Amino acid sequence: MLSKIGSIVCLLMILAGARRVQQTGLGAQTVRSQPSNPSEKLRDEILAKVEQAYRVFVGGGYLQAEKVLEQACPALKSLGFSQPAGRCLTDLGNCRFATFRYREALATYLEARKLSAPVRDWANLGSLNARKTGPRSGKRRLHA
């Protein structure tokens with residue numbers, strides 16, 4: 001009897017935790033403070049475009065997303081925002097990878113790595129490492 005009650009309580013806790021994750025996930029709107037200088041305002045505008053490009057990418061519009069990202073990434077880099085520029089380049093590489101342009105994707109991933117490493121953007125570096133050493137890279141081979 002106690003075992004069943006414990007199982008039910010655990011299930012309810014898991015479901016309650018999953019519900020909180022859904023509410024705070026990628027779809028949740030984040031409230032940003034007002035930018036203090038013009039370059040931050042410009043950065044926020046560019047990041048809004050990058051976010052929109054990501055939605056287009058997820059919807060299968062790889063080439064449309066790529067066009068936006070090709071403009072946004074150099075702009076972020078020129079403004080000196082290395083972390084968002086590195087992540088933008090990762091998204092751009094993903095667009096190129098999705099359209100089977102692997103050499104271009106790899107070059108873009110390597111550029112993203114150069115920006116992400118000095119600022120210690122571990123999330124982006126982990127994403128890049130997973131992409132480079134994934135099953136399609138040819139570095140890992142399973143022997144029968």
# chains A, B, ... in the order shown; residues from 1 in each chain; ligands from 1

call {"tool": "residues_around", "arguments": {"residues": "Thr108 of chain A", "least_positions_apart": "6", "cutoff": "12 Å", "atoms": "only C-alpha atoms", "output": "mmCIF file with N, CA and C atoms, in the first residue's frame"}}
result
data_model
loop_
_atom_site.group_PDB
_atom_site.id
_atom_site.type_symbol
_atom_site.label_atom_id
_atom_site.label_comp_id
_atom_site.auth_asym_id
_atom_site.auth_seq_id
_atom_site.Cartn_x
_atom_site.Cartn_y
_atom_site.Cartn_z
ATOM 1 N N GLU A 66 19.108 31.460 -43.285
ATOM 2 C CA GLU A 66 20.522 31.707 -43.601
ATOM 3 C C GLU A 66 20.737 33.148 -44.060
ATOM 4 N N LEU A 69 20.762 35.376 -40.994
ATOM 5 C CA LEU A 69 21.934 35.119 -40.156
ATOM 6 C C LEU A 69 23.224 35.604 -40.803
ATOM 7 N N GLU A 70 23.309 35.544 -42.135
ATOM 8 C CA GLU A 70 24.507 36.041 -42.828
ATOM 9 C C GLU A 70 24.719 37.528 -42.592
ATOM 10 N N CYS A 73 25.208 37.878 -38.037
ATOM 11 C CA CYS A 73 26.435 37.403 -37.380
ATOM 12 C C CYS A 73 27.590 38.398 -37.495
ATOM 13 N N PRO A 74 27.897 38.892 -38.686
ATOM 14 C CA PRO A 74 28.988 39.879 -38.768
ATOM 15 C C PRO A 74 28.670 41.170 -38.011
ATOM 16 N N ALA A 85 27.489 36.451 -31.101
ATOM 17 C CA ALA A 85 28.008 36.263 -32.456
ATOM 18 C C ALA A 85 28.384 34.804 -32.682
ATOM 19 N N GLY A 86 29.001 34.175 -31.680
ATOM 20 C CA GLY A 86 29.354 32.759 -31.786
ATOM 21 C C GLY A 86 28.132 31.881 -31.916
ATOM 22 N N ARG A 87 27.112 32.185 -31.153
ATOM 23 C CA ARG A 87 25.876 31.402 -31.237
ATOM 24 C C ARG A 87 25.174 31.631 -32.565
ATOM 25 N N CYS A 88 25.231 32.842 -33.058
ATOM 26 C CA CYS A 88 24.655 33.153 -34.366
ATOM 27 C C CYS A 88 25.365 32.349 -35.453
ATOM 28 N N LEU A 89 26.685 32.294 -35.366
ATOM 29 C CA LEU A 89 27.449 31.526 -36.346
ATOM 30 C C LEU A 89 27.131 30.028 -36.264
ATOM 31 N N THR A 90 26.881 29.538 -35.062
ATOM 32 C CA THR A 90 26.479 28.137 -34.924
ATOM 33 C C THR A 90 25.154 27.898 -35.638
ATOM 34 N N ASP A 91 24.211 28.821 -35.458
ATOM 35 C CA ASP A 91 22.924 28.701 -36.159
ATOM 36 C C ASP A 91 23.118 28.771 -37.670
ATOM 37 N N LEU A 92 24.001 29.655 -38.111
ATOM 38 C CA LEU A 92 24.285 29.766 -39.540
ATOM 39 C C LEU A 92 24.891 28.471 -40.069
ATOM 40 N N GLY A 93 25.813 27.895 -39.318
ATOM 41 C CA GLY A 93 26.386 26.606 -39.695
ATOM 42 C C GLY A 93 25.326 25.521 -39.772
ATOM 43 N N ASN A 94 24.360 25.566 -38.857
ATOM 44 C CA ASN A 94 23.278 24.590 -38.881
ATOM 45 C C ASN A 94 22.422 24.723 -40.138
ATOM 46 N N CYS A 95 22.212 25.962 -40.583
ATOM 47 C CA CYS A 95 21.469 26.173 -41.836
ATOM 48 C C CYS A 95 22.226 25.551 -43.005
ATOM 49 N N ARG A 96 23.507 25.771 -43.039
ATOM 50 C CA ARG A 96 24.325 25.229 -44.133
ATOM 51 C C ARG A 96 24.409 23.711 -44.051
ATOM 52 N N PHE A 97 24.479 23.174 -42.853
ATOM 53 C CA PHE A 97 24.507 21.728 -42.677
ATOM 54 C C PHE A 97 23.189 21.115 -43.153
ATOM 55 N N ARG A 101 25.546 21.480 -47.265
ATOM 56 C CA ARG A 101 26.780 22.180 -47.613
ATOM 57 C C ARG A 101 27.743 22.029 -46.440
ATOM 58 N N TYR A 102 28.312 20.853 -46.355
ATOM 59 C CA TYR A 102 29.071 20.462 -45.172
ATOM 60 C C TYR A 102 30.368 21.236 -45.001
ATOM 61 N N LYS A 114 36.011 29.853 -32.570
ATOM 62 C CA LYS A 114 37.013 30.887 -32.285
ATOM 63 C C LYS A 114 36.439 32.024 -31.445
ATOM 64 N N LEU A 115 35.148 32.321 -31.653
ATOM 65 C CA LEU A 115 34.519 33.381 -30.871
ATOM 66 C C LEU A 115 34.061 32.881 -29.499
ATOM 67 N N LEU A 128 28.861 22.710 -30.419
ATOM 68 C CA LEU A 128 29.786 22.568 -31.546
ATOM 69 C C LEU A 128 30.550 21.250 -31.465
ATOM 70 N N ARG A 131 28.357 18.454 -32.593
ATOM 71 C CA ARG A 131 28.152 18.471 -34.043
ATOM 72 C C ARG A 131 29.381 17.924 -34.753
ATOM 73 N N LYS A 132 30.566 18.325 -34.317
ATOM 74 C CA LYS A 132 31.790 17.905 -34.999
ATOM 75 C C LYS A 132 32.115 16.437 -34.790
#

call {"tool": "residues_around", "arguments": {"residues": "Leu79 of chain A", "least_positions_apart": "2", "cutoff": "10 Å", "atoms": "only C-alpha atoms", "output": "number ranges by chain"}}
result
A: 39-40, 42-43, 74-77, 81-82, 85

call {"tool": "atom_distance", "arguments": {"atom1": "atom CA of Val119 of chain A", "atom2": "atom CA of Val56 of chain A"}}
result
27.7 Å

call {"tool": "atom_distance", "arguments": {"atom1": "atom CA of Ala117 of chain A", "atom2": "atom CA of Glu45 of chain A"}}
result
24.6 Å
